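Notes to accompany the following structure.
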Amino acid sequence: MLAPGLAELSARSGVPVLGVVPCLESRLVPSEDSLDLDDRSRWGVPGAIDVAVVRLPLISNFDDFEPLAAEPGVHVRFVRGADEIHGADVIVLPGSKSTVSDLRWLFASGLAHAIQRAAAAGRPVIGICGGYQMLGEAVHDPDRVESDAVTTKALGLLPVATTFAPSKTTVRVRARVGQASGPFSRAAGRELAAYEIHSGRTSPSSPTPFTIVERSGGPVHDADGAVGATGAVVGTYLHGLFANDSVRRALLESLAERKGITADPRWGTPAGDKYEHLADAVARAVDVAAVAKLAGLPFLRL
């Protein structure tokens with residue numbers, strides 16, 4: 001149906017049309033815009049496991065939670081109020097574009113105290129990246145990287161403190177799950193792929209839930225994250241954690257056991273790489289060989 005129009009475009013412009021990519025299924029690739037947080041179809045329906053993710057005003061990397069929402073019987077909710085975390089099986093503090101600003105919002109909204117009470121009652125609480133920093137004792141910013149405050153009080157649920165610096169860490173890593181990793185302990189010894197993207201350095205704590213074994217392709221042995229005294233509160237810098245099948249399954253099985261329900265045997269089933277599916281869709285619609293030639297790249301036929 002498009003052929004006459006494409007032919008006319010080529011004739012008028014003198015530039016060939018290399019393809020037309022069709023409208024793709026919305027969940028084919030991870031969310032990039034916070035408007036997707038309001039699309040309930042992306043985040044599952046009420047089921048066996050209820051995951052409450054705090055919708056920080058400056059939330060980032062919220063695609064971390066799509067693999068959880070894709071699991072059968074798992075519902076991911078983005079919450080703004082203290083009353084909304086009631087009944088959640090796990091509370092997650094996600095990444096943030098500004099830890100200090102979102103930390104202040106947590107206290108102003110009453111969510112900080114609600115999370116502290118939930119943790120004291122033994123409810124699992126997980127912090128990722130900025131969320132991990134918020135779970136510590138304090139955030140220090142001597143160079144005013146994020147705010148005008150030298151020190152900002154944090155939630156005090158993990159025995160760590162974070163100090164911001166002008167430099168930023170952006171690196172792909174491989175890590176190993178530790179024995180003392182709280183709700184992830186069923187995956188102890190397993191390796192996983194992840195990435196770090198954060199400002200600041202967080203003081204080491206013992207025990208740690210994860211060990212970085214490879215950074216930018218080179219071998220290392222670096223501790224990552226912290227675990228609270230009861231094992232219910234865990235913080236980590238590892239984005240992409242839940243995209244790892246064994247880690248995701250371990251968490252959900254732990255939550256199911258705590259809730260007294262039977263784990264779904266389908267949890268943790270490999271779903272395939274979304275970016276590979278996207279690449280396949282584009283390759284079917286576009287003359288990739290011509291694109292590669294224009295870019296001066298060798299074309300490898302898949």
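As shown in the structure tokens, the chain order sets the letters A, B, ...; within each chain, residues go from 1, and ligands are also counted from 1 in the order they appear.
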
(request) May I have all residues of stretch 1-131 of chain A that DSSP, computed from the backbone, assigns to strand (DSSP E or B), given as a ChimeraX atom specification? (result) /A:19,49-54,59-60,74-79,90-93,95-96,125-128

(request) For atom CA of A:Val247 and atom CA of A:Glu71, determine how far apart the two atoms are, in Å to one decimal place. (result)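 Distance reported for this atom pair: 12.9 Å.
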
Please report as a tab-separated table every residue of stretch 52-104 of chain A lying within 9 Å of stretch 134-140 of chain A, along with the nearest atom pair and their distance in Å (one decimal), using only C-alpha atoms.
```
residue	atom	partner	partner_atom	distance
A:Leu93	CA	A:Met134	CA	8.1
A:Thr99	CA	A:Met134	CA	6.9
A:Val100	CA	A:Val139	CA	7.4
A:Asp102	CA	A:Met134	CA	8.7
A:Leu103	CA	A:Met134	CA	6.3
```

Produce a table with one row for each residue of stretch 24-121 of chain A that has an atom at most 10 Å from any atom of stretch 252-272 of chain A, each row naming the nearest atom pair and its distance in Å at one decimal; use only C-alpha atoms; arrange rows by chain and rising residue number; format as JSON lines.
```
{"residue": "A:Ala48", "atom": "CA", "partner": "A:Ala256", "partner_atom": "CA", "distance": 7.9}
{"residue": "A:Ile49", "atom": "CA", "partner": "A:Ala256", "partner_atom": "CA", "distance": 7.2}
{"residue": "A:Asp50", "atom": "CA", "partner": "A:Leu255", "partner_atom": "CA", "distance": 9.3}
{"residue": "A:Val51", "atom": "CA", "partner": "A:Leu255", "partner_atom": "CA", "distance": 9.9}
{"residue": "A:Pro67", "atom": "CA", "partner": "A:Ala271", "partner_atom": "CA", "distance": 8.7}
{"residue": "A:Leu68", "atom": "CA", "partner": "A:Leu252", "partner_atom": "CA", "distance": 8.7}
{"residue": "A:Ala70", "atom": "CA", "partner": "A:Ala271", "partner_atom": "CA", "distance": 9.0}
{"residue": "A:Glu71", "atom": "CA", "partner": "A:Trp267", "partner_atom": "CA", "distance": 6.1}
{"residue": "A:Pro72", "atom": "CA", "partner": "A:Trp267", "partner_atom": "CA", "distance": 7.1}
{"residue": "A:Gly73", "atom": "CA", "partner": "A:Asp264", "partner_atom": "CA", "distance": 8.0}
{"residue": "A:Val74", "atom": "CA", "partner": "A:Leu252", "partner_atom": "CA", "distance": 8.6}
{"residue": "A:Asp89", "atom": "CA", "partner": "A:Leu255", "partner_atom": "CA", "distance": 6.5}
{"residue": "A:Val90", "atom": "CA", "partner": "A:Leu255", "partner_atom": "CA", "distance": 7.6}
```

Please produce a file of the residues just selected, as a compact mmCIF listing (two decimals), in the first residue's frame, where the atoms kept are N, CA and C atoms.
```txt
# COMPACT_ATOMS: atom_id res chain seq x y z
N ALA A 48 -0.68 -12.77 43.06
CA ALA A 48 -0.14 -13.41 44.25
C ALA A 48 0.90 -12.55 44.96
N ILE A 49 1.74 -11.86 44.20
CA ILE A 49 2.82 -11.06 44.77
C ILE A 49 2.62 -9.59 44.41
N ASP A 50 2.66 -8.75 45.43
CA ASP A 50 2.42 -7.31 45.28
C ASP A 50 3.72 -6.56 45.53
N VAL A 51 4.23 -5.89 44.50
CA VAL A 51 5.49 -5.14 44.59
C VAL A 51 5.17 -3.65 44.56
N PRO A 67 10.80 -6.73 34.17
CA PRO A 67 10.88 -8.19 34.23
C PRO A 67 10.03 -8.78 35.37
N LEU A 68 9.90 -8.06 36.48
CA LEU A 68 9.04 -8.54 37.56
C LEU A 68 7.58 -8.49 37.13
N ALA A 70 6.36 -8.74 34.30
CA ALA A 70 6.05 -9.72 33.25
C ALA A 70 5.82 -11.12 33.80
N GLU A 71 6.15 -11.34 35.07
CA GLU A 71 5.98 -12.66 35.67
C GLU A 71 4.50 -12.92 36.00
N PRO A 72 4.03 -14.15 35.83
CA PRO A 72 2.63 -14.46 36.15
C PRO A 72 2.33 -14.27 37.63
N GLY A 73 1.23 -13.59 37.91
CA GLY A 73 0.81 -13.41 39.30
C GLY A 73 1.57 -12.34 40.05
N VAL A 74 2.36 -11.53 39.36
CA VAL A 74 3.14 -10.46 40.01
C VAL A 74 2.61 -9.11 39.55
N ASP A 89 4.08 -6.87 49.45
CA ASP A 89 4.97 -7.95 49.88
C ASP A 89 6.42 -7.51 49.90
N VAL A 90 6.75 -6.51 49.11
CA VAL A 90 8.09 -5.93 49.12
C VAL A 90 7.98 -4.48 48.70
```

(request) Would you please work out which residue, of A:Glu66, A:Glu276, A:Glu214, A:Glu196, is nearest to A:Gly130 when using only C-alpha atoms? (result)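 Of A:Glu66, A:Glu276, A:Glu214, A:Glu196, the one nearest A:Gly130, counting only C-alpha atoms, is A:Glu196.
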
Quick one: which stretch 179-298 of chain A residues come within 7 Å of stretch 119-129 of chain A, and what is the nearest atom pair for each with the distance in Å to one decimal, counting only C-alpha atoms, rows ordered by chain and ascending number, as a Markdown table?
```
| residue | atom | partner | partner_atom | distance |
| --- | --- | --- | --- | --- |
| A:His198 | CA | A:Cys129 | CA | 6.8 |
| A:Ala232 | CA | A:Pro124 | CA | 4.6 |
| A:Val233 | CA | A:Val125 | CA | 4.7 |
| A:Val234 | CA | A:Ile126 | CA | 4.9 |
| A:Gly235 | CA | A:Gly127 | CA | 4.5 |
| A:Thr236 | CA | A:Ile128 | CA | 5.2 |
| A:Tyr237 | CA | A:Cys129 | CA | 4.3 |
| A:Leu238 | CA | A:Ile128 | CA | 6.6 |
| A:His239 | CA | A:Ile128 | CA | 6.9 |
```

(request) Enumerate as a PyMOL selection string all residues of stretch 13-252 of chain A assigned to alpha helix (DSSP H) by DSSP on the backbone, naming them with the chain letters and numbers the document uses. (result) chain A and resi 13+66-69+99-109+111-120+130-135+245-252
